[in-house]
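The next block is upload.txt, given as compact mmCIF, C-alpha atoms.
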# COMPACT_ATOMS: atom_id res chain seq x y z
CA MET J 30 29.71 44.02 16.59
CA SER J 31 25.92 44.41 16.42
CA ALA J 32 23.54 42.85 18.92
CA SER J 33 22.51 40.27 16.36
CA GLN J 34 26.08 39.13 15.67
CA SER J 35 26.91 38.75 19.34
CA ALA J 36 23.81 36.60 19.97
CA ASP J 37 24.34 32.86 20.34
CA ILE J 38 21.33 31.85 18.26
CA GLU J 39 19.29 33.93 15.84
CA PHE J 40 15.68 32.87 15.73
CA TRP J 41 13.94 33.87 12.50
CA PHE J 42 10.20 33.30 12.77
CA GLU J 43 6.83 34.38 11.38
CA PHE J 44 3.63 34.64 13.44
CA GLY J 45 1.52 33.06 10.69
CA SER J 46 3.71 29.95 10.44
CA ASN J 47 2.57 26.83 12.27
CA TYR J 48 6.06 25.38 12.63
CA SER J 49 7.20 28.74 14.02
CA TYR J 50 4.50 28.26 16.66
CA LEU J 51 6.32 25.15 17.95
CA SER J 52 9.67 26.93 18.20
CA VAL J 53 8.28 30.14 19.71
CA MET J 54 6.74 28.08 22.50
CA ARG J 55 9.93 26.06 23.10
CA ILE J 56 12.94 28.26 22.45
CA GLU J 57 13.25 30.45 25.53
CA HIS J 58 13.06 27.54 27.96
CA GLU J 59 15.37 25.28 25.95
CA ALA J 60 17.94 27.99 25.19
CA HIS J 61 18.09 28.71 28.92
CA LEU J 62 18.89 25.04 29.61
CA TYR J 63 21.75 25.21 27.10
CA GLY J 64 22.97 28.58 28.42
CA VAL J 65 22.38 30.14 25.01
CA HIS J 66 21.13 33.66 24.32
CA VAL J 67 18.30 34.11 21.79
CA ALA J 68 18.13 36.98 19.29
CA TRP J 69 14.48 37.23 18.20
CA LYS J 70 14.17 37.94 14.46
CA PRO J 71 10.55 38.39 13.39
CA PHE J 72 10.12 38.63 9.62
CA LEU J 73 7.45 38.13 6.96
CA LEU J 74 7.39 34.89 5.03
CA GLY J 75 4.89 36.12 2.41
CA PRO J 76 7.38 38.28 0.44
CA ILE J 77 9.98 35.47 0.60
CA PHE J 78 7.53 32.88 -0.74
CA ARG J 79 6.46 35.27 -3.50
CA GLU J 80 10.13 35.73 -4.52
CA LEU J 81 10.43 31.92 -4.68
CA GLY J 82 7.25 31.63 -6.75
CA ILE J 83 5.34 29.95 -3.90
CA ASP J 84 2.11 31.79 -3.19
CA PRO J 85 0.55 31.98 -0.66
CA SER J 86 2.06 29.00 1.24
CA PRO J 87 3.63 25.68 0.22
CA PHE J 88 1.01 23.95 2.38
CA LEU J 89 -1.84 25.50 0.40
CA LEU J 90 -0.10 25.10 -2.94
CA GLN J 91 0.63 21.39 -2.56
CA LYS J 92 -2.48 19.66 -1.29
CA GLU J 93 -0.74 16.39 -0.34
CA LYS J 94 1.77 18.20 1.85
CA GLY J 95 -0.97 20.46 3.19
CA ALA J 96 -3.09 17.50 4.28
CA TYR J 97 -0.09 15.95 5.99
CA VAL J 98 0.97 19.07 7.86
CA TRP J 99 -2.14 19.16 10.05
CA GLN J 100 -1.69 15.48 11.01
CA ASP J 101 1.92 16.25 11.80
CA MET J 102 1.07 19.33 13.89
CA THR J 103 -1.39 17.37 16.04
CA ARG J 104 1.29 14.79 16.81
CA GLN J 105 4.10 17.32 17.28
CA CYS J 106 2.04 19.36 19.74
CA ARG J 107 1.20 16.19 21.68
CA LYS J 108 4.92 15.35 21.77
CA TYR J 109 5.91 18.79 23.09
CA GLY J 110 2.93 19.08 25.46
CA LEU J 111 1.52 22.08 23.57
CA ARG J 112 -2.12 22.87 22.98
CA TRP J 113 -3.21 22.96 19.35
CA THR J 114 -6.16 24.06 17.23
CA ARG J 115 -5.94 23.97 13.47
CA PRO J 116 -6.48 27.62 12.52
CA SER J 117 -9.62 28.30 10.49
CA VAL J 118 -7.70 31.06 8.64
CA PHE J 119 -4.23 30.11 7.36
CA PRO J 120 -1.82 31.72 7.08
CA ARG J 121 -3.04 34.61 9.25
CA PRO J 122 -1.71 38.09 8.33
CA SER J 123 0.94 38.97 10.87
CA VAL J 124 2.45 42.33 9.88
CA LEU J 125 1.42 44.28 12.98
CA ALA J 126 2.41 41.46 15.34
CA ALA J 127 5.85 41.32 13.67
CA ARG J 128 6.25 45.09 14.00
CA ILE J 129 5.37 44.96 17.71
CA ALA J 130 7.86 42.14 18.18
CA LEU J 131 10.49 44.31 16.48
CA VAL J 132 9.81 47.04 19.04
CA GLY J 133 10.40 44.48 21.76
CA THR J 134 13.37 42.43 20.53
CA GLN J 135 15.67 43.84 23.23
CA GLU J 136 12.98 43.83 25.95
CA ALA J 137 12.29 41.26 28.65
CA TRP J 138 8.70 40.87 27.39
CA ILE J 139 9.60 39.62 23.89
CA GLY J 140 9.28 35.89 24.64
CA GLU J 141 6.00 36.11 26.51
CA PHE J 142 4.51 38.48 23.93
CA CYS J 143 5.39 36.10 21.10
CA ARG J 144 4.00 33.08 22.94
CA ARG J 145 0.72 34.87 23.59
CA VAL J 146 0.34 35.94 19.95
CA MET J 147 1.04 32.37 18.82
CA THR J 148 -1.43 31.02 21.38
CA ARG J 149 -4.08 33.37 19.99
CA ASN J 150 -3.45 32.10 16.45
CA PHE J 151 -2.83 28.38 17.02
CA VAL J 152 -4.76 27.58 20.20
CA GLU J 153 -7.60 30.12 20.38
CA ASP J 154 -7.98 30.26 16.58
CA GLU J 155 -8.33 34.03 16.71
CA ASP J 156 -7.19 36.81 14.41
CA ILE J 157 -3.82 38.47 15.11
CA LYS J 158 -4.10 41.15 12.45
CA GLU J 159 -5.74 44.14 14.10
CA ALA J 160 -4.50 46.39 16.89
CA GLN J 161 -7.55 45.49 19.01
CA SER J 162 -6.40 41.85 19.00
CA LEU J 163 -2.89 42.69 20.13
CA LEU J 164 -3.44 45.59 22.54
CA PRO J 165 -4.95 43.33 25.26
CA ILE J 166 -1.88 41.07 25.11
CA LEU J 167 0.45 44.02 25.76
CA HIS J 168 -1.90 45.39 28.39
CA ASP J 169 -2.01 42.03 30.23
CA LEU J 170 1.78 42.08 30.32
CA GLY J 171 1.59 45.40 32.21
CA LEU J 172 3.05 47.34 29.27
CA PRO J 173 2.13 50.76 27.82
CA ALA J 174 0.10 49.04 25.09
CA THR J 175 -1.05 52.08 23.10
CA GLU J 176 2.43 53.60 22.99
CA ILE J 177 3.98 50.33 21.82
CA VAL J 178 1.41 49.86 19.05
CA GLU J 179 1.92 53.48 17.94
CA ARG J 180 5.64 52.93 17.80
CA ALA J 181 5.12 49.64 15.92
CA GLN J 182 3.16 51.55 13.27
CA SER J 183 5.79 54.29 12.89
CA GLU J 184 7.92 54.59 9.76
CA PRO J 185 11.23 53.50 11.35
CA ILE J 186 9.73 50.21 12.54
CA LYS J 187 7.95 49.61 9.22
CA SER J 188 11.31 50.11 7.46
CA LEU J 189 13.04 47.86 9.93
CA LEU J 190 10.63 45.00 9.21
CA ARG J 191 11.11 45.43 5.47
CA ALA J 192 14.90 45.45 5.99
CA GLN J 193 14.74 42.38 8.20
CA THR J 194 12.67 40.49 5.62
CA ASP J 195 15.14 41.54 2.90
CA GLU J 196 17.98 40.29 5.07
CA ALA J 197 16.19 36.94 5.53
CA HIS J 198 15.95 36.59 1.77
CA ARG J 199 19.58 37.62 1.22
CA ARG J 200 20.80 35.07 3.74
CA GLY J 201 19.01 32.23 1.94
CA ILE J 202 16.04 31.78 4.26
CA PHE J 203 13.24 29.94 2.43
CA GLY J 204 10.96 28.98 5.33
CA ALA J 205 10.29 29.46 9.03
CA PRO J 206 11.44 28.91 11.62
CA THR J 207 15.09 29.25 10.64
CA PHE J 208 17.99 29.48 13.07
CA PHE J 209 21.46 30.87 12.54
CA VAL J 210 24.48 30.11 14.67
CA GLY J 211 27.16 32.31 13.13
CA GLN J 212 26.96 31.50 9.42
CA GLU J 213 25.42 28.06 9.96
CA MET J 214 21.76 27.90 8.99
CA PHE J 215 19.28 25.44 10.48
CA TRP J 216 15.81 25.15 8.99
CA GLY J 217 12.70 24.05 10.84
CA ASN J 218 11.57 23.35 14.38
CA ASP J 219 13.10 19.88 13.94
CA ARG J 220 16.55 21.50 13.97
CA LEU J 221 16.10 23.67 17.07
CA ASP J 222 17.97 21.21 19.30
CA ASP J 223 20.81 20.79 16.79
CA ALA J 224 21.13 24.57 16.53
CA LEU J 225 21.18 25.00 20.31
CA ILE J 226 23.82 22.27 20.69
CA CYS J 227 25.89 24.00 18.01
CA ALA J 228 25.53 27.37 19.80
CA ALA J 229 26.41 25.86 23.19
CA GLU J 230 29.54 24.22 21.71
CA ARG J 231 30.66 27.51 20.19
CA ARG J 232 30.29 29.23 23.54
CA ARG J 233 32.59 26.69 25.13
CA THR J 234 35.33 26.97 22.49
CA MET B 262 -4.43 -9.51 5.69
CA SER B 263 -1.48 -8.87 3.39
CA ALA B 264 2.12 -8.91 4.53
CA SER B 265 2.26 -5.13 4.27
CA GLN B 266 -0.80 -4.62 6.48
CA SER B 267 0.53 -6.90 9.20
CA ALA B 268 3.88 -5.07 9.32
CA ASP B 269 4.43 -2.66 12.22
CA ILE B 270 6.04 0.07 10.15
CA GLU B 271 6.00 0.57 6.40
CA PHE B 272 9.16 2.21 5.13
CA TRP B 273 8.68 3.95 1.78
CA PHE B 274 12.01 5.00 0.34
CA GLU B 275 13.81 5.85 -2.90
CA PHE B 276 17.47 5.02 -3.60
CA GLY B 277 18.13 8.42 -5.21
CA SER B 278 16.87 10.36 -2.18
CA ASN B 279 19.46 11.71 0.27
CA TYR B 280 17.07 11.78 3.23
CA SER B 281 16.13 8.17 2.41
CA TYR B 282 19.84 7.41 2.77
CA LEU B 283 19.71 8.43 6.45
CA SER B 284 16.69 6.24 7.19
CA VAL B 285 17.93 3.24 5.21
CA MET B 286 21.11 3.26 7.29
CA ARG B 287 19.25 3.65 10.60
CA ILE B 288 15.93 1.81 10.39
CA GLU B 289 16.80 -1.86 10.84
CA HIS B 290 18.87 -1.28 13.95
CA GLU B 291 16.42 1.17 15.53
CA ALA B 292 13.31 -0.87 14.69
CA HIS B 293 14.97 -3.85 16.36
CA LEU B 294 15.49 -1.79 19.55
CA TYR B 295 11.78 -0.91 19.56
CA GLY B 296 10.72 -4.49 18.73
CA VAL B 297 9.09 -3.28 15.54
CA HIS B 298 8.98 -5.14 12.21
CA VAL B 299 9.89 -3.19 9.04
CA ALA B 300 8.09 -3.63 5.71
CA TRP B 301 10.47 -2.29 3.03
CA LYS B 302 8.62 -0.34 0.36
CA PRO B 303 10.93 0.82 -2.43
CA PHE B 304 9.25 3.17 -4.89
CA LEU B 305 10.15 5.84 -7.43
CA LEU B 306 9.92 9.48 -6.43
CA GLY B 307 10.33 10.80 -10.00
CA PRO B 308 6.78 9.98 -11.17
CA ILE B 309 5.34 11.37 -7.91
CA PHE B 310 7.22 14.65 -8.24
CA ARG B 311 6.12 14.91 -11.89
CA GLU B 312 2.48 14.46 -10.82
CA LEU B 313 2.98 17.27 -8.28
CA GLY B 314 4.59 19.51 -10.91
CA ILE B 315 8.02 19.30 -9.25
CA ASP B 316 10.65 18.20 -11.74
CA PRO B 317 13.23 16.77 -11.28
CA SER B 318 13.61 17.40 -7.52
CA PRO B 319 12.51 20.14 -5.12
CA PHE B 320 16.19 20.58 -4.17
CA LEU B 321 17.14 21.35 -7.77
CA LEU B 322 14.03 23.43 -8.44
CA GLN B 323 14.47 25.71 -5.42
CA LYS B 324 18.07 26.83 -5.24
CA GLU B 325 17.87 28.22 -1.67
CA LYS B 326 16.54 24.94 -0.33
CA GLY B 327 19.01 23.03 -2.48
CA ALA B 328 21.98 24.95 -1.07
CA TYR B 329 20.74 24.31 2.44
CA VAL B 330 20.16 20.59 2.01
CA TRP B 331 23.85 19.79 1.53
CA GLN B 332 24.79 21.73 4.69
CA ASP B 333 22.06 19.88 6.52
CA MET B 334 23.17 16.47 5.21
CA THR B 335 26.74 17.04 6.41
CA ARG B 336 25.51 17.84 9.90
CA GLN B 337 22.90 15.07 9.99
CA CYS B 338 25.43 12.44 8.94
CA ARG B 339 27.81 13.67 11.63
CA LYS B 340 24.99 13.42 14.18
CA TYR B 341 24.12 9.84 13.20
CA GLY B 342 27.75 8.75 12.75
CA LEU B 343 27.27 8.09 9.03
CA ARG B 344 29.79 8.70 6.27
CA TRP B 345 28.74 11.23 3.64
CA THR B 346 29.83 12.43 0.21
CA ARG B 347 27.71 14.88 -1.69
CA PRO B 348 26.85 12.96 -4.88
CA SER B 349 28.22 14.46 -8.08
CA VAL B 350 25.06 13.24 -9.87
CA PHE B 351 21.76 14.00 -8.15
CA PRO B 352 19.26 12.47 -8.09
CA ARG B 353 20.77 9.22 -9.40
CA PRO B 354 18.44 6.99 -11.46
CA SER B 355 17.38 4.11 -9.24
CA VAL B 356 14.89 1.99 -11.17
CA LEU B 357 16.93 -1.22 -11.26
CA ALA B 358 17.97 -0.91 -7.61
CA ALA B 359 14.31 -0.47 -6.63
CA ARG B 360 13.33 -3.52 -8.69
CA ILE B 361 16.01 -5.65 -7.03
CA ALA B 362 14.83 -4.44 -3.62
CA LEU B 363 11.30 -5.50 -4.59
CA VAL B 364 12.60 -9.00 -5.32
CA GLY B 365 14.09 -9.02 -1.83
CA THR B 366 11.45 -7.38 0.38
CA GLN B 367 10.67 -10.66 2.16
CA GLU B 368 14.32 -11.84 2.25
CA ALA B 369 16.86 -11.56 5.04
CA TRP B 370 19.25 -9.67 2.74
CA ILE B 371 16.94 -6.69 2.07
CA GLY B 372 18.40 -4.37 4.73
CA GLU B 373 22.04 -5.03 3.90
CA PHE B 374 21.41 -4.76 0.16
CA CYS B 375 19.71 -1.38 0.60
CA ARG B 376 22.48 -0.07 2.85
CA ARG B 377 25.14 -1.10 0.32
CA VAL B 378 23.31 0.58 -2.57
CA MET B 379 22.91 3.76 -0.51
CA THR B 380 26.59 3.63 0.47
CA ARG B 381 27.52 3.40 -3.19
CA ASN B 382 25.43 6.48 -4.00
CA PHE B 383 26.04 8.69 -0.95
CA VAL B 384 29.46 7.63 0.31
CA GLU B 385 31.36 6.29 -2.71
CA ASP B 386 29.63 8.72 -5.11
CA GLU B 387 29.17 5.97 -7.69
CA ASP B 388 26.41 5.19 -10.15
CA ILE B 389 23.63 2.78 -9.06
CA LYS B 390 21.88 2.61 -12.42
CA GLU B 391 23.44 -0.29 -14.30
CA ALA B 392 23.40 -4.01 -13.58
CA GLN B 393 27.21 -4.07 -13.42
CA SER B 394 27.05 -1.65 -10.46
CA LEU B 395 24.57 -3.77 -8.54
CA LEU B 396 25.66 -7.34 -9.39
CA PRO B 397 28.81 -7.12 -7.20
CA ILE B 398 26.71 -6.03 -4.20
CA LEU B 399 24.47 -9.11 -4.54
CA HIS B 400 27.49 -11.30 -5.21
CA ASP B 401 29.29 -10.04 -2.09
CA LEU B 402 26.21 -10.95 -0.07
CA GLY B 403 26.62 -14.55 -1.30
CA LEU B 404 23.47 -14.38 -3.39
CA PRO B 405 22.69 -15.73 -6.90
CA ALA B 406 23.31 -12.26 -8.34
CA THR B 407 22.56 -12.94 -12.02
CA GLU B 408 19.30 -14.74 -11.25
CA ILE B 409 18.13 -11.94 -8.96
CA VAL B 410 18.90 -9.23 -11.54
CA GLU B 411 17.10 -11.25 -14.22
CA ARG B 412 14.08 -11.59 -11.99
CA ALA B 413 14.24 -7.87 -11.17
CA GLN B 414 14.05 -7.11 -14.90
CA SER B 415 11.09 -9.43 -15.51
CA GLU B 416 7.64 -8.09 -16.34
CA PRO B 417 5.99 -9.04 -13.01
CA ILE B 418 8.57 -7.09 -11.00
CA LYS B 419 8.42 -4.11 -13.37
CA SER B 420 4.64 -4.06 -12.91
CA LEU B 421 5.00 -4.40 -9.18
CA LEU B 422 7.23 -1.32 -8.99
CA ARG B 423 4.76 0.68 -11.08
CA ALA B 424 1.92 -0.49 -8.82
CA GLN B 425 3.89 0.35 -5.69
CA THR B 426 4.65 3.86 -6.98
CA ASP B 427 0.96 4.31 -7.86
CA GLU B 428 0.04 3.20 -4.36
CA ALA B 429 2.48 5.73 -2.88
CA HIS B 430 0.78 8.48 -4.86
CA ARG B 431 -2.71 7.28 -3.93
CA ARG B 432 -1.83 7.25 -0.24
CA GLY B 433 -0.68 10.87 -0.33
CA ILE B 434 3.09 10.35 -0.31
CA PHE B 435 4.84 13.50 -1.59
CA GLY B 436 8.44 12.82 -0.57
CA ALA B 437 10.83 10.22 0.80
CA PRO B 438 11.36 8.68 3.21
CA THR B 439 7.76 8.28 4.36
CA PHE B 440 6.60 5.91 7.07
CA PHE B 441 3.16 4.47 7.68
CA VAL B 442 1.97 2.98 10.94
CA GLY B 443 -1.53 1.80 10.07
CA GLN B 444 -3.14 4.83 8.44
CA GLU B 445 -0.83 7.33 10.15
CA MET B 446 1.71 8.87 7.81
CA PHE B 447 5.07 10.25 8.93
CA TRP B 448 7.22 12.19 6.48
CA GLY B 449 10.97 12.48 6.59
CA ASN B 450 13.91 10.92 8.40
CA ASP B 451 13.18 13.40 11.22
CA ARG B 452 9.98 11.45 11.98
CA LEU B 453 11.52 7.95 12.06
CA ASP B 454 11.69 7.90 15.85
CA ASP B 455 8.13 9.21 16.24
CA ALA B 456 6.90 6.55 13.81
CA LEU B 457 8.75 3.77 15.64
CA ILE B 458 7.37 4.93 19.00
CA CYS B 459 3.89 4.97 17.48
CA ALA B 460 4.39 1.43 16.11
CA ALA B 461 5.76 0.13 19.41
CA GLU B 462 2.78 1.61 21.30
CA ARG B 463 0.34 -0.05 18.93
CA ARG B 464 2.02 -3.41 19.46
CA ARG B 465 1.53 -3.10 23.20
CA THR B 466 -2.18 -2.21 23.00

Once you've parsed the file, please lay out its structure as structure tokens.
Amino acid sequence: MSASQSADIEFWFEFGSNYSYLSVMRIEHEAHLYGVHVAWKPFLLGPIFRELGIDPSPFLLQKEKGAYVWQDMTRQCRKYGLRWTRPSVFPRPSVLAARIALVGTQEAWIGEFCRRVMTRNFVEDEDIKEAQSLLPILHDLGLPATEIVERAQSEPIKSLLRAQTDEAHRRGIFGAPTFFVGQEMFWGNDRLDDALICAAERRRT
Amino acid sequence: MSASQSADIEFWFEFGSNYSYLSVMRIEHEAHLYGVHVAWKPFLLGPIFRELGIDPSPFLLQKEKGAYVWQDMTRQCRKYGLRWTRPSVFPRPSVLAARIALVGTQEAWIGEFCRRVMTRNFVEDEDIKEAQSLLPILHDLGLPATEIVERAQSEPIKSLLRAQTDEAHRRGIFGAPTFFVGQEMFWGNDRLDDALICAAERRRT
């Protein structure tokens, strides 16, 4: 059984996605309360949207929904006690951040790294594309930043991100965040609690 | 000030919409708990989707999302303690039901009528298009069924439904259910509680 299959909840997310921001900030704390283990599954939403004929984002394509989303984000962040700035660039390219997260999926720093990248994008309204934006985050976490970024840019990790994005598509993912508990799929930050309850119930049975 | 402006929460819904089903079944009871008054706003989603280039429904247009929605509905209904049958015809034409609801928006029977129509569609998996499907519902409520259906099919009510659907579009509605509390828009059954809390807070201030 692979690490991903033995995990209680699979958390599929994208660093450019605003609703992924909400779940990245919440999941580690909430999963801990439920006694559920999180498998972090960074992937790229861009290729999935392109496959579905939605380019570059449903929020840009459909102006009514787009206008609503920023109202909704302001209220959702207030509800969860999260800071929020509407990003001046949306969606921000996130390939390198996703690759670094892939390097760290089994490491203790994964949660904090992801929260800091999301904070940079959705609170500080800063770019997350270049190595110079992400190196200080790794450095502040006391990690060998340069080595990690080099590994993130190596061929095996690049392939792994492509494979992970392909897997997302194959499993019917059409947006982010998406959660899996076994074969059960839950879409959206609004379903995080339902997914955690489902995972906690499975653990007990 | 019109009746709709003085209402605490405006509830925009469509009888063919599965997520509207959830809110129709929940709203009267929950709004009562919050001390909030509901203004029932039936409208037609079809013309709105056509304006947005989505035809006939985003769940039919995007097969991944469509497949997911029925999983999600099963779980959501379990969560809310609602019965559920995936309708064999989707979305069901709902023009007459919406017109009857418009006749009843200020009447005590509006909530129960809407719940029975939704039950017919999403529990009994039966047509809600024809008068003979809807007359028994009105009759069972002890209402002058024939008179109400005649009024629903009169020109003023037909115009009112067109005007209400136009208003939905003008106000940026892109799906159902949608709630308004003043100018604040909340989209989806997942936001019903947030909208009710918002309405209850406004009442207090």

If we count only C-alpha atoms, which residues of chain J reach to within 8 Å of chain B? Please list them as a short mmCIF file (atom, residue, chain, number, x, y, z; two decimals) with C-alpha atoms, in the frame of the given file.
data_model
loop_
_atom_site.label_atom_id
_atom_site.label_comp_id
_atom_site.auth_asym_id
_atom_site.auth_seq_id
_atom_site.Cartn_x
_atom_site.Cartn_y
_atom_site.Cartn_z
CA LEU J 81 10.43 31.92 -4.68
CA GLN J 91 0.63 21.39 -2.56
CA GLU J 93 -0.74 16.39 -0.34
CA LYS J 94 1.77 18.20 1.85
CA TYR J 97 -0.09 15.95 5.99
CA ASP J 101 1.92 16.25 11.80
CA GLY J 201 19.01 32.23 1.94
CA ILE J 202 16.04 31.78 4.26
CA PHE J 203 13.24 29.94 2.43
CA MET J 214 21.76 27.90 8.99
CA PHE J 215 19.28 25.44 10.48
CA ASP J 219 13.10 19.88 13.94
#

Legend entry - Closest of B:Ala300, B:Leu363, B:Ile418, B:Ile270 to Gly443 (chain B) - atom-to-atom distances counting only C-alpha atoms: B:Ile270

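For the atom pair formed by CA of Val285 (chain B) and CA of Val210 (chain J), the distance is 29.2 Å, given to one decimal.
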
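Reported to one decimal place, the separation of CA of Ala460 (chain B) from CA of Asp269 (chain B) is 5.6 Å.
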
Legend entry - Surrounding residues of Thr366 (chain B) excluding itself and chain neighbours under 3 positions, 9 Å, only C-alpha atoms, as number ranges by chain: B: 300-303, 361-363, 369-372

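Using only C-alpha atoms, the smallest distance between any of J:Leu125, J:Leu189, J:Tyr50, J:Ser183 and Gln161 (chain J) comes from J:Leu125.
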
Could the centre and edge lengths of an axis-aligned box, enclosing all atoms of region 152-161 of chain J in the file with 3 Å extra on each side, be given in Å to one decimal as JSON?
{"center_x": -6.1, "center_y": 37.0, "center_z": 16.4, "size_x": 10.5, "size_y": 24.8, "size_z": 13.9}

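With all atoms listed in the file as the atoms that count, the residue of B:Ile288, B:Val364, B:Leu321, B:Leu422 with the shortest distance to Phe304 (chain B) is B:Leu422.
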
Legend entry - Separation of CA of Pro348 (chain B) from CA of Phe383 (chain B) in Å: 5.9 Å

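Nearest to Ile166 (chain J) of all the residues J:Ala181, J:Ala192, J:Ala126, J:Ala205 is J:Ala126, based on all atoms listed in the file.
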
Inset, instruction - Write out as a list in words the residues lying within 9 Å of region 376-381 of chain B, counting all atoms listed in the file and excluding same-chain residues fewer than 4 positions away. - result: Phe276, Gly277, Asn279, Ser281, Tyr282, Leu283, Val285, Met286, Arg344, Trp345, Ala358, Ile371, Gly372, Glu385, Asp386, Glu387, Asp388, Ile389, Ser394, Leu395 and Ile398 of chain B

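Closest approach to Arg347 (chain B) from the set B:Arg360, B:Ser278, B:Glu408, B:Pro438 is made by B:Ser278, with distances taken over all atoms listed in the file.
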
Inset, instruction - Determine the nearest neighbour of Lys158 (chain J) from the options J:Ala127, J:Ile77, J:Leu170, J:Cys143, counting only C-alpha atoms. - result: J:Ala127

Inset, instruction - Give as an MDAnalysis selection string every residue, naming chains and numbers as the document does, that has an atom within 9 Å of (8.1, 3.8, 14.6), counting all atoms listed in the file. - result: chainID B and resid 269:270 291:292 295 297 440:442 452:462

Could you please fill out region 378-392 of chain B with N, CA, C and O atoms and send it back as a PDB file, in the frame of the given file?
ATOM      1  N   VAL B 378      23.648  -0.271  -1.420  1.00  0.00           N
ATOM      2  CA  VAL B 378      23.310   0.580  -2.570  1.00  0.00           C
ATOM      3  C   VAL B 378      23.407   2.057  -2.165  1.00  0.00           C
ATOM      4  O   VAL B 378      23.977   2.887  -2.880  1.00  0.00           O
ATOM      5  N   MET B 379      22.863   2.375  -0.998  1.00  0.00           N
ATOM      6  CA  MET B 379      22.910   3.760  -0.510  1.00  0.00           C
ATOM      7  C   MET B 379      24.351   4.205  -0.278  1.00  0.00           C
ATOM      8  O   MET B 379      24.703   5.359  -0.557  1.00  0.00           O
ATOM      9  N   THR B 380      25.181   3.315   0.236  1.00  0.00           N
ATOM     10  CA  THR B 380      26.590   3.630   0.470  1.00  0.00           C
ATOM     11  C   THR B 380      27.285   3.941  -0.848  1.00  0.00           C
ATOM     12  O   THR B 380      28.084   4.884  -0.950  1.00  0.00           O
ATOM     13  N   ARG B 381      26.953   3.148  -1.862  1.00  0.00           N
ATOM     14  CA  ARG B 381      27.520   3.400  -3.190  1.00  0.00           C
ATOM     15  C   ARG B 381      27.151   4.805  -3.685  1.00  0.00           C
ATOM     16  O   ARG B 381      28.007   5.534  -4.192  1.00  0.00           O
ATOM     17  N   ASN B 382      25.916   5.178  -3.520  1.00  0.00           N
ATOM     18  CA  ASN B 382      25.430   6.480  -4.000  1.00  0.00           C
ATOM     19  C   ASN B 382      25.941   7.639  -3.140  1.00  0.00           C
ATOM     20  O   ASN B 382      26.474   8.621  -3.669  1.00  0.00           O
ATOM     21  N   PHE B 383      25.830   7.528  -1.823  1.00  0.00           N
ATOM     22  CA  PHE B 383      26.040   8.690  -0.950  1.00  0.00           C
ATOM     23  C   PHE B 383      27.351   8.680  -0.161  1.00  0.00           C
ATOM     24  O   PHE B 383      27.611   9.592   0.610  1.00  0.00           O
ATOM     25  N   VAL B 384      28.140   7.642  -0.326  1.00  0.00           N
ATOM     26  CA  VAL B 384      29.460   7.630   0.310  1.00  0.00           C
ATOM     27  C   VAL B 384      30.540   7.515  -0.772  1.00  0.00           C
ATOM     28  O   VAL B 384      31.479   8.304  -0.825  1.00  0.00           O
ATOM     29  N   GLU B 385      30.346   6.516  -1.673  1.00  0.00           N
ATOM     30  CA  GLU B 385      31.360   6.290  -2.710  1.00  0.00           C
ATOM     31  C   GLU B 385      31.127   7.169  -3.944  1.00  0.00           C
ATOM     32  O   GLU B 385      31.986   7.229  -4.827  1.00  0.00           O
ATOM     33  N   ASP B 386      29.974   7.850  -3.988  1.00  0.00           N
ATOM     34  CA  ASP B 386      29.630   8.720  -5.110  1.00  0.00           C
ATOM     35  C   ASP B 386      29.727   7.978  -6.441  1.00  0.00           C
ATOM     36  O   ASP B 386      30.327   8.468  -7.406  1.00  0.00           O
ATOM     37  N   GLU B 387      29.139   6.800  -6.478  1.00  0.00           N
ATOM     38  CA  GLU B 387      29.170   5.970  -7.690  1.00  0.00           C
ATOM     39  C   GLU B 387      27.746   5.719  -8.178  1.00  0.00           C
ATOM     40  O   GLU B 387      26.798   5.641  -7.392  1.00  0.00           O
ATOM     41  N   ASP B 388      27.649   5.526  -9.453  1.00  0.00           N
ATOM     42  CA  ASP B 388      26.410   5.190 -10.150  1.00  0.00           C
ATOM     43  C   ASP B 388      25.726   3.946  -9.553  1.00  0.00           C
ATOM     44  O   ASP B 388      26.399   2.997  -9.140  1.00  0.00           O
ATOM     45  N   ILE B 389      24.384   3.964  -9.511  1.00  0.00           N
ATOM     46  CA  ILE B 389      23.630   2.780  -9.060  1.00  0.00           C
ATOM     47  C   ILE B 389      22.627   2.344 -10.138  1.00  0.00           C
ATOM     48  O   ILE B 389      21.675   1.625  -9.861  1.00  0.00           O
ATOM     49  N   LYS B 390      22.868   2.812 -11.361  1.00  0.00           N
ATOM     50  CA  LYS B 390      21.880   2.610 -12.420  1.00  0.00           C
ATOM     51  C   LYS B 390      21.998   1.250 -13.111  1.00  0.00           C
ATOM     52  O   LYS B 390      20.989   0.584 -13.387  1.00  0.00           O
ATOM     53  N   GLU B 391      23.224   0.867 -13.419  1.00  0.00           N
ATOM     54  CA  GLU B 391      23.440  -0.290 -14.300  1.00  0.00           C
ATOM     55  C   GLU B 391      23.571  -1.594 -13.506  1.00  0.00           C
ATOM     56  O   GLU B 391      23.998  -1.585 -12.351  1.00  0.00           O
ATOM     57  N   ALA B 392      23.265  -2.690 -14.199  1.00  0.00           N
ATOM     58  CA  ALA B 392      23.400  -4.010 -13.580  1.00  0.00           C
ATOM     59  C   ALA B 392      24.826  -4.241 -13.082  1.00  0.00           C
ATOM     60  O   ALA B 392      25.028  -4.806 -12.001  1.00  0.00           O
TER      61      ALA B 392
END
